[in-house]
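Asks: First the structure, then my questions, so here it is.
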Amino acid sequence: MSEKLKLMVVDDEPNNLDLLYRTFRRQFKVFRAENARLAMEILETEGEMAVIISDQSMPDMTGIQFLKKTKNSFPDTIRILLSGYTEEEIDPEIDDIQEADIFKCVTKPCSPQELKDILQECLEIYKSKKGL
């Protein structure tokens, strides 16, 4: 496939957005949004993303709430939640995580290589869903 698949990164911290963009720009067409409202606008314009990576802690809505909103419109998109919280702190929200169809919850900070490995797995799943 010659055209790059689309990746959206959503985080209210500009440094995190820049890092994610630099990490994945060669492999994906990367769209950046500093909040969920802007991310929803981009999705309306650009359509389905192969993968969405969203920070959990944002001012307008949580990452889980945002990812849940994307599920019906884009059921094939693979969703990743980035969080500064530990697994135990996220555990009470496990039902919401499942309802949002979140593939992985990644604890920050994480290495770029760890994210690359996760994204490679996401690509394989997305391509098999799409028959690519």
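Just remember, in the structure tokens the first chain shown is A, the second B, etc., residues are 1-based per chain, and ligands are 1-based in the order shown.
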Hey, which bits of segment 51-132 of chain A sit within 7 Å of segment 9-25 of chain A, and for each residue what's the closest pair of atoms and how far apart in Å (one decimal), counting only C-alpha atoms, rows by chain and increasing number, as a Markdown table?

Replies:
| residue | atom | partner | partner_atom | distance |
| --- | --- | --- | --- | --- |
| A:Ile52 | CA | A:Val9 | CA | 5.9 |
| A:Ile53 | CA | A:Val9 | CA | 4.8 |
| A:Ser54 | CA | A:Val10 | CA | 4.6 |
| A:Asp55 | CA | A:Asp11 | CA | 5.1 |
| A:Met58 | CA | A:Asp12 | CA | 6.0 |
| A:Pro112 | CA | A:Thr23 | CA | 6.8 |

Asks: Quick one: residues within 9 Å of Ile97 of chain A, only C-alpha atoms, excluding same-chain residues fewer than 4 positions away - as a list in words?

Replies: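 Here the qualifying residues turn out to be Ile64, Gln65, Leu67, Lys68, Leu81, Ile90, Glu93, Asp101, Ile102, Phe103 and Cys105 of chain A.
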
Asks: Select from segment 40-69 of chain A every residue with an atom at most 10 Å from any atom of segment 124-127 of chain A, then for each give the shortest pair of atoms and their distance in Å to one decimal, using only C-alpha atoms, rows by chain and rising number, as CSV.

Replies:
residue,atom,partner,partner_atom,distance
A:Met49,CA,A:Tyr126,CA,9.8
A:Ala50,CA,A:Tyr126,CA,6.3
A:Val51,CA,A:Tyr126,CA,8.1

Asks: Next, the residues of the selection above should be written as a PDB file, in the first residue's frame with N, CA and C atoms.

Replies:
ATOM      1  N   MET A  49      -9.649   7.284  10.789  1.00  0.00           N
ATOM      2  CA  MET A  49      -8.225   7.124  11.053  1.00  0.00           C
ATOM      3  C   MET A  49      -7.967   5.632  11.261  1.00  0.00           C
ATOM      4  N   ALA A  50      -6.781   5.172  10.918  1.00  0.00           N
ATOM      5  CA  ALA A  50      -6.423   3.786  11.223  1.00  0.00           C
ATOM      6  C   ALA A  50      -6.280   3.627  12.731  1.00  0.00           C
ATOM      7  N   VAL A  51      -5.630   4.631  13.358  1.00  0.00           N
ATOM      8  CA  VAL A  51      -5.357   4.583  14.794  1.00  0.00           C
ATOM      9  C   VAL A  51      -5.572   5.974  15.387  1.00  0.00           C
TER      10      VAL A  51
END

Asks: How many Å lie between atom CA of Phe74 of chain A and atom CA of Leu38 of chain A, rounded to one decimal?

Replies: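 Calculated distance between atom CA of Phe74 of chain A and atom CA of Leu38 of chain A is 16.5 Å.
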
Asks: Pick from A:Lys129, A:Arg32, A:Thr62, A:Cys122: nearest to Ala100 of chain A, with only C-alpha atoms counted?

Replies: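 Nearest to Ala100 of chain A: A:Thr62.
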
Asks: If you measure from atom CA of Ser57 of chain A to atom CA of Phe28 of chain A, what distance in Å do you get, rounded to one decimal?

Replies: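 Separating atom CA of Ser57 of chain A from atom CA of Phe28 of chain A is a distance of 24.3 Å.
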
Asks: Extract the full set of helix (DSSP H, G or I) residues from chain A according to DSSP on the backbone, and format it as a VMD selection string.

Replies: chain A and resid 14 to 24 36 to 46 63 to 71 87 to 99 112 to 130

Asks: What does the distance between atom CA of Arg26 of chain A and atom CA of Glu3 of chain A come to in Å, to one decimal place?

Replies: 11.5 Å

Asks: Set the distance at 7 Å and use only C-alpha atoms: which residues neighbour Lys108 of chain A once local chain neighbours fewer than 6 positions away are removed? I'd like the list as a ChimeraX atom specification.

Replies: /A:82-84

Asks: Take the residues just selected and output them with N, CA and C atoms as a PDB file, in the first residue's frame.

Replies:
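File written: out22.pdb
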ATOM      1  N   LEU A  82      -3.508   6.969  26.321  1.00  0.00           N
ATOM      2  CA  LEU A  82      -2.285   7.289  27.067  1.00  0.00           C
ATOM      3  C   LEU A  82      -2.695   7.891  28.396  1.00  0.00           C
ATOM      4  N   SER A  83      -2.082   7.427  29.453  1.00  0.00           N
ATOM      5  CA  SER A  83      -2.471   7.942  30.765  1.00  0.00           C
ATOM      6  C   SER A  83      -1.284   7.997  31.706  1.00  0.00           C
ATOM      7  N   GLY A  84      -1.264   9.030  32.519  1.00  0.00           N
ATOM      8  CA  GLY A  84      -0.272   9.139  33.578  1.00  0.00           C
ATOM      9  C   GLY A  84      -0.683   8.342  34.803  1.00  0.00           C
TER      10      GLY A  84
END

Asks: Could you pull out the strand (DSSP E or B) residues of chain A, going by DSSP on the backbone, and write them as a PyMOL selection string?

Replies: chain A and resi 5-10+28-33+51-55+78-83+102-107

Asks: Print the selection's residues with N, CA and C atoms to a file, as a PDB file, in the first residue's frame.

Replies:
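Generated file (selection.pdb):
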ATOM      1  N   LEU A   5      -1.349   5.303   5.974  1.00  0.00           N
ATOM      2  CA  LEU A   5      -2.567   5.269   6.774  1.00  0.00           C
ATOM      3  C   LEU A   5      -2.571   6.462   7.710  1.00  0.00           C
ATOM      4  N   LYS A   6      -3.780   6.833   8.177  1.00  0.00           N
ATOM      5  CA  LYS A   6      -3.926   8.029   9.007  1.00  0.00           C
ATOM      6  C   LYS A   6      -3.880   7.681  10.496  1.00  0.00           C
ATOM      7  N   LEU A   7      -3.156   8.517  11.222  1.00  0.00           N
ATOM      8  CA  LEU A   7      -3.015   8.416  12.676  1.00  0.00           C
ATOM      9  C   LEU A   7      -3.395   9.753  13.279  1.00  0.00           C
ATOM     10  N   MET A   8      -4.246   9.722  14.294  1.00  0.00           N
ATOM     11  CA  MET A   8      -4.569  10.950  15.026  1.00  0.00           C
ATOM     12  C   MET A   8      -3.982  10.859  16.415  1.00  0.00           C
ATOM     13  N   VAL A   9      -3.344  11.948  16.851  1.00  0.00           N
ATOM     14  CA  VAL A   9      -2.850  12.038  18.220  1.00  0.00           C
ATOM     15  C   VAL A   9      -3.548  13.224  18.891  1.00  0.00           C
ATOM     16  N   VAL A  10      -4.075  12.973  20.088  1.00  0.00           N
ATOM     17  CA  VAL A  10      -4.839  13.980  20.809  1.00  0.00           C
ATOM     18  C   VAL A  10      -4.229  14.129  22.195  1.00  0.00           C
ATOM     19  N   PHE A  28       3.039   7.183   9.092  1.00  0.00           N
ATOM     20  CA  PHE A  28       1.630   7.551   8.995  1.00  0.00           C
ATOM     21  C   PHE A  28       1.458   8.983   8.500  1.00  0.00           C
ATOM     22  N   LYS A  29       0.271   9.274   8.015  1.00  0.00           N
ATOM     23  CA  LYS A  29      -0.147  10.657   7.832  1.00  0.00           C
ATOM     24  C   LYS A  29      -0.733  11.055   9.185  1.00  0.00           C
ATOM     25  N   VAL A  30      -0.024  11.914   9.921  1.00  0.00           N
ATOM     26  CA  VAL A  30      -0.373  12.202  11.315  1.00  0.00           C
ATOM     27  C   VAL A  30      -1.190  13.491  11.427  1.00  0.00           C
ATOM     28  N   PHE A  31      -2.298  13.393  12.141  1.00  0.00           N
ATOM     29  CA  PHE A  31      -3.138  14.542  12.455  1.00  0.00           C
ATOM     30  C   PHE A  31      -3.024  14.807  13.950  1.00  0.00           C
ATOM     31  N   ARG A  32      -2.797  16.080  14.307  1.00  0.00           N
ATOM     32  CA  ARG A  32      -2.637  16.453  15.711  1.00  0.00           C
ATOM     33  C   ARG A  32      -3.816  17.306  16.173  1.00  0.00           C
ATOM     34  N   ALA A  33      -4.258  17.060  17.408  1.00  0.00           N
ATOM     35  CA  ALA A  33      -5.322  17.873  18.003  1.00  0.00           C
ATOM     36  C   ALA A  33      -4.993  18.085  19.475  1.00  0.00           C
ATOM     37  N   VAL A  51      -5.630   4.631  13.358  1.00  0.00           N
ATOM     38  CA  VAL A  51      -5.357   4.583  14.794  1.00  0.00           C
ATOM     39  C   VAL A  51      -5.572   5.974  15.387  1.00  0.00           C
ATOM     40  N   ILE A  52      -6.144   6.001  16.581  1.00  0.00           N
ATOM     41  CA  ILE A  52      -6.223   7.237  17.366  1.00  0.00           C
ATOM     42  C   ILE A  52      -5.522   6.976  18.692  1.00  0.00           C
ATOM     43  N   ILE A  53      -4.586   7.858  19.022  1.00  0.00           N
ATOM     44  CA  ILE A  53      -3.923   7.835  20.330  1.00  0.00           C
ATOM     45  C   ILE A  53      -4.413   9.067  21.075  1.00  0.00           C
ATOM     46  N   SER A  54      -5.022   8.864  22.234  1.00  0.00           N
ATOM     47  CA  SER A  54      -5.543   9.990  23.002  1.00  0.00           C
ATOM     48  C   SER A  54      -5.029   9.959  24.432  1.00  0.00           C
ATOM     49  N   ASP A  55      -4.661  11.129  24.916  1.00  0.00           N
ATOM     50  CA  ASP A  55      -4.320  11.282  26.317  1.00  0.00           C
ATOM     51  C   ASP A  55      -5.609  11.163  27.135  1.00  0.00           C
ATOM     52  N   ILE A  78      -8.515   1.730  15.446  1.00  0.00           N
ATOM     53  CA  ILE A  78      -7.899   1.153  16.643  1.00  0.00           C
ATOM     54  C   ILE A  78      -7.613   2.302  17.607  1.00  0.00           C
ATOM     55  N   ARG A  79      -8.050   2.143  18.860  1.00  0.00           N
ATOM     56  CA  ARG A  79      -7.949   3.215  19.854  1.00  0.00           C
ATOM     57  C   ARG A  79      -6.933   2.873  20.935  1.00  0.00           C
ATOM     58  N   ILE A  80      -6.081   3.870  21.237  1.00  0.00           N
ATOM     59  CA  ILE A  80      -5.079   3.718  22.287  1.00  0.00           C
ATOM     60  C   ILE A  80      -5.254   4.876  23.263  1.00  0.00           C
ATOM     61  N   LEU A  81      -5.239   4.562  24.543  1.00  0.00           N
ATOM     62  CA  LEU A  81      -5.353   5.567  25.593  1.00  0.00           C
ATOM     63  C   LEU A  81      -3.998   5.730  26.271  1.00  0.00           C
ATOM     64  N   LEU A  82      -3.508   6.969  26.321  1.00  0.00           N
ATOM     65  CA  LEU A  82      -2.285   7.289  27.067  1.00  0.00           C
ATOM     66  C   LEU A  82      -2.695   7.891  28.396  1.00  0.00           C
ATOM     67  N   SER A  83      -2.082   7.427  29.453  1.00  0.00           N
ATOM     68  CA  SER A  83      -2.471   7.942  30.765  1.00  0.00           C
ATOM     69  C   SER A  83      -1.284   7.997  31.706  1.00  0.00           C
ATOM     70  N   ILE A 102     -11.300   0.417  23.500  1.00  0.00           N
ATOM     71  CA  ILE A 102      -9.893   0.820  23.569  1.00  0.00           C
ATOM     72  C   ILE A 102      -9.030  -0.436  23.515  1.00  0.00           C
ATOM     73  N   PHE A 103      -8.129  -0.456  22.543  1.00  0.00           N
ATOM     74  CA  PHE A 103      -7.266  -1.610  22.310  1.00  0.00           C
ATOM     75  C   PHE A 103      -6.202  -1.738  23.395  1.00  0.00           C
ATOM     76  N   LYS A 104      -5.566  -0.629  23.747  1.00  0.00           N
ATOM     77  CA  LYS A 104      -4.506  -0.648  24.764  1.00  0.00           C
ATOM     78  C   LYS A 104      -4.556   0.621  25.586  1.00  0.00           C
ATOM     79  N   CYS A 105      -4.247   0.475  26.871  1.00  0.00           N
ATOM     80  CA  CYS A 105      -4.012   1.607  27.761  1.00  0.00           C
ATOM     81  C   CYS A 105      -2.515   1.619  28.040  1.00  0.00           C
ATOM     82  N   VAL A 106      -1.864   2.713  27.694  1.00  0.00           N
ATOM     83  CA  VAL A 106      -0.418   2.827  27.836  1.00  0.00           C
ATOM     84  C   VAL A 106      -0.125   3.855  28.914  1.00  0.00           C
ATOM     85  N   THR A 107       0.682   3.463  29.891  1.00  0.00           N
ATOM     86  CA  THR A 107       1.039   4.368  30.980  1.00  0.00           C
ATOM     87  C   THR A 107       2.199   5.254  30.560  1.00  0.00           C
TER      88      THR A 107
END

Asks: I need the residue nearest Gly47 of chain A from this list: A:Gln120, A:Gln113, A:Ser73, A:Ser128. Use only C-alpha atoms for the distance.

Replies: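 Using only C-alpha atoms, the shortest distance to Gly47 of chain A belongs to A:Ser73.
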
Asks: Measuring between only C-alpha atoms, which one of A:Ala36, A:Lys130, A:Glu114, A:Glu99 shows the shortest distance to Gly63 of chain A?

Replies: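 The shortest atom-to-atom distance to Gly63 of chain A comes from A:Ala36.
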